[in-house]
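> Have a look at this one.
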Amino acid sequence: MPAGLMLEMAKRIFRKLAAPASLPLALFLRIALRSLKPFLHIRFVRWSSCSLGTWAIPTEVYLCQRDAGTHPRRSLDIFYHFDRDAHVLYPSDRRKSRIANEQLDKMFRPHLHLWDGARFLDSLNRLLPRGGDFLYTLPQPYDQEGLLDRFPAHLAFTREEEERGRRGLRALGIPPDAPFVCFHARDGAYAPRVRPGVGSFYGNGQGVDVRDSAITNYLPAIEELTRRGFYAVRMGKVVKGPLHTDNPRIMDYAWNHHCDFMDVYLSRHCAFFIGQNSGMTTLPILFRRPLVLVNVAPFAEVVYASYRNSLFIPKIYFSREKARPLTFREILSHPLLFRFLPHKYSDLPEIRDELGLEVQENSPEEIAELALEMHGRLQGAFQPSGEDEELRRRFTALLSSFSHVLDPVPDVQWMRIGTHFLRNHRELLEGVGEECLSS
């Protein structure tokens, strides 16, 4: 058993043994909360700000829910920063480890009731049964209800911050008002550097992650976009290495210039963002910027492309045993394969022996085609053929027929898979019969 996990178990046992001494305080707090509830319903909210992926979109969706009036009347939600691993992994710097981006924390604060002292009250409340009456769990890290299309972005820069951002652009070599795109590849460098010990704490080690991809595969797309007048900014808080290019319109900001403020500013002002299902791509979604998602994996996370202003393509699941790519139906029909992550499932015989699974990244050509499709759509110059629309209809019909395994989304018809990708991989739609098309 990993040492970190053993330490955590020991601490939990100690807390349980010490709990009786705290029961009078917990009882007093519960009486106060219940007495106030008819007039003011207080709820404690764990704010998982340690990771952009679990923090940014859930908070923005929460604010949209509040605008929509879906929260209880006369309620007061008290947020506190929460990192379930911090007390074991980062005992000397607990607060910093709980915040993935200081600028985002600063911009969210005016919209929330944030008090880190609520952690103690929440812990007391959880000692007694029915603690859930005074807890609130933030939404999933994607837009299940389609609220991002109904309500405007809640975050905005001050005049001083806008000027600071323009200075940052000039420092990168981007002229004022010049169009630029952002691009990012999840390369596996972030967690070991920023959150060391997380892998060993949970016993996952440092194995290959199916979500990782190579930034070099983005370069043909980026080169073509610069020929069309764009500047391009490589994003990332921590990356494995520099980006090797002689193109003066491509800025390796992640390697040379990174700061939390510019992460948010660049994501807000880019023409569109090219990335994958990772924490970094939540930033453009906050500001409703167009999003090009490539290398989506595991397949279950195609739901992140339910954001209307997005295009996506998934990784290919190639079976060495079958000597061909697995179809979308085969992936959706296999509960382990559908949510496949190597550090969880690589030892299961269904995947290791029966399939001989190899998860293949999107090719540079596929990434370039999707990026140019987004550019064409934004310019009003991209027109899919009738055949292309039929292929997309077959894909969304298949997703609809598997709604019982997909996480909830407002409407799969919003999800736009890359036109060229689907045209070039028709074999992935095999097995989509009339029962899907008529559903």
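Residue numbering restarts at 1 in every chain; chains get A, B, ... in the order shown in the structure tokens, and ligands count up from 1 in that same order.
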Per residue of stretch 245-348 of chain A within 9 Å of stretch 145-169 of chain A, which atom pair is closest and at what distance in Å (one decimal), using only C-alpha atoms, listed by chain and increasing number, as JSON lines?

```
{"residue": "A:Phe261", "atom": "CA", "partner": "A:Gly165", "partner_atom": "CA", "distance": 8.1}
{"residue": "A:Met262", "atom": "CA", "partner": "A:Gly165", "partner_atom": "CA", "distance": 6.7}
{"residue": "A:Tyr265", "atom": "CA", "partner": "A:Gly165", "partner_atom": "CA", "distance": 6.2}
{"residue": "A:Leu266", "atom": "CA", "partner": "A:Gly165", "partner_atom": "CA", "distance": 8.0}
{"residue": "A:Ile285", "atom": "CA", "partner": "A:Leu148", "partner_atom": "CA", "distance": 8.5}
{"residue": "A:Leu286", "atom": "CA", "partner": "A:Ala153", "partner_atom": "CA", "distance": 6.4}
{"residue": "A:Phe287", "atom": "CA", "partner": "A:Ala153", "partner_atom": "CA", "distance": 5.5}
{"residue": "A:Arg288", "atom": "CA", "partner": "A:Ala153", "partner_atom": "CA", "distance": 7.0}
{"residue": "A:Ser306", "atom": "CA", "partner": "A:Gly146", "partner_atom": "CA", "distance": 8.2}
{"residue": "A:Tyr307", "atom": "CA", "partner": "A:Gly146", "partner_atom": "CA", "distance": 7.4}
{"residue": "A:Arg308", "atom": "CA", "partner": "A:Asp149", "partner_atom": "CA", "distance": 7.4}
{"residue": "A:Asn309", "atom": "CA", "partner": "A:Asp149", "partner_atom": "CA", "distance": 8.9}
```
> Atoms to include: C-alpha atoms. Write the selected residues as a PDB file, in the first residue's frame.

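And here is the file that came out, out25.pdb:
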```pdb
ATOM      1  CA  PHE A 261      -2.978  36.073 -15.343  1.00  0.00           C
ATOM      2  CA  MET A 262      -2.082  35.618 -19.010  1.00  0.00           C
ATOM      3  CA  TYR A 265      -6.414  36.734 -20.549  1.00  0.00           C
ATOM      4  CA  LEU A 266      -5.223  34.793 -23.616  1.00  0.00           C
ATOM      5  CA  ILE A 285     -15.286  27.826 -22.267  1.00  0.00           C
ATOM      6  CA  LEU A 286     -15.699  30.226 -19.330  1.00  0.00           C
ATOM      7  CA  PHE A 287     -15.684  33.086 -21.833  1.00  0.00           C
ATOM      8  CA  ARG A 288     -17.718  31.238 -24.503  1.00  0.00           C
ATOM      9  CA  SER A 306     -21.661  19.321 -25.819  1.00  0.00           C
ATOM     10  CA  TYR A 307     -20.670  22.975 -25.478  1.00  0.00           C
ATOM     11  CA  ARG A 308     -22.309  24.409 -28.611  1.00  0.00           C
ATOM     12  CA  ASN A 309     -19.415  26.537 -29.809  1.00  0.00           C
TER      13      ASN A 309
END
```
> Apply DSSP to the structure's backbone, then extract all residues of stretch 180-360 of chain A labelled strand (DSSP E or B) and return them as a PyMOL selection string.
chain A and resi 180-183+231-234+250-251+273-275+291-296+310-314+316-319+324-325+357-360
> Write the residues of the preceding selection, restricted to C-alpha atoms, as an mmCIF file, in the first residue's frame.

```
data_model
loop_
_atom_site.group_PDB
_atom_site.id
_atom_site.type_symbol
_atom_site.label_atom_id
_atom_site.label_comp_id
_atom_site.auth_asym_id
_atom_site.auth_seq_id
_atom_site.Cartn_x
_atom_site.Cartn_y
_atom_site.Cartn_z
ATOM 1 C CA PHE A 180 -4.393 34.960 -32.442
ATOM 2 C CA VAL A 181 -5.271 31.392 -31.574
ATOM 3 C CA CYS A 182 -4.246 29.399 -28.520
ATOM 4 C CA PHE A 183 -3.236 25.748 -28.627
ATOM 5 C CA TYR A 231 -0.520 34.575 -34.424
ATOM 6 C CA ALA A 232 -0.448 31.432 -32.292
ATOM 7 C CA VAL A 233 0.260 30.937 -28.577
ATOM 8 C CA ARG A 234 1.239 27.596 -27.102
ATOM 9 C CA ILE A 250 4.244 31.135 -33.059
ATOM 10 C CA MET A 251 4.899 31.979 -29.396
ATOM 11 C CA PHE A 273 -8.674 27.630 -28.806
ATOM 12 C CA ILE A 274 -7.255 24.281 -29.976
ATOM 13 C CA GLY A 275 -6.843 21.752 -27.179
ATOM 14 C CA LEU A 291 -13.188 25.509 -28.975
ATOM 15 C CA VAL A 292 -11.482 22.878 -31.153
ATOM 16 C CA LEU A 293 -11.118 19.648 -29.158
ATOM 17 C CA VAL A 294 -8.736 17.035 -30.558
ATOM 18 C CA ASN A 295 -7.493 13.713 -29.159
ATOM 19 C CA VAL A 296 -10.573 13.325 -26.954
ATOM 20 C CA SER A 310 -17.094 23.565 -30.272
ATOM 21 C CA LEU A 311 -15.848 20.936 -32.712
ATOM 22 C CA PHE A 312 -14.172 17.685 -31.693
ATOM 23 C CA ILE A 313 -12.503 14.488 -32.858
ATOM 24 C CA PRO A 314 -11.695 11.489 -30.622
ATOM 25 C CA ILE A 316 -8.752 6.034 -32.437
ATOM 26 C CA TYR A 317 -9.074 2.801 -30.448
ATOM 27 C CA PHE A 318 -7.116 0.249 -32.466
ATOM 28 C CA SER A 319 -7.378 -3.461 -31.625
ATOM 29 C CA ARG A 324 -8.629 -2.797 -37.149
ATOM 30 C CA PRO A 325 -9.991 0.232 -35.302
ATOM 31 C CA LEU A 357 -5.884 -2.100 -27.309
ATOM 32 C CA GLU A 358 -3.731 0.664 -28.754
ATOM 33 C CA VAL A 359 -5.034 4.219 -28.352
ATOM 34 C CA GLN A 360 -3.845 6.266 -31.341
#
```
> Rank A:Glu389, A:Val239, A:Ala178, A:Tyr142 by their smallest atom-to-atom distance to A:Asp407, using only C-alpha atoms, and report the top residue only.
A:Tyr142
> Have a look at atom CA of A:Leu127 and atom CA of A:Leu29 and let me know their distance in Å, one decimal.
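Going from atom CA of A:Leu127 over to atom CA of A:Leu29 covers 10.8 Å.
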> Expressed in Å to a single decimal, how great is the separation between atom CA of A:Arg30 and atom CA of A:Arg43?
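Separating atom CA of A:Arg30 from atom CA of A:Arg43 is a distance of 11.8 Å.
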> To one decimal in Å, tell me the separation between atom CA of A:Asp67 and atom CA of A:Tyr80.
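Computing the Euclidean distance for atom CA of A:Asp67 and atom CA of A:Tyr80 yields 21.2 Å.
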> Need to verify the contact set: A:Asn247, 12 Å, only C-alpha atoms, exclusion of same-chain residues closer than 2 positions in sequence. Can you return it as an MDAnalysis selection string?
chainID A and resid 219:220 222:227 230:233 243:245 249:252
> Could you pull out all residues of stretch 191-342 of chain A with a DSSP call of helix (DSSP H, G or I) and give them as a count of residues only?
63
> Between A:Arg109, A:Ser385, A:Ala171, A:Gly188, single out the one closest to A:Asn256, counting only C-alpha atoms.
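Smallest distance to A:Asn256 is found for A:Ala171.
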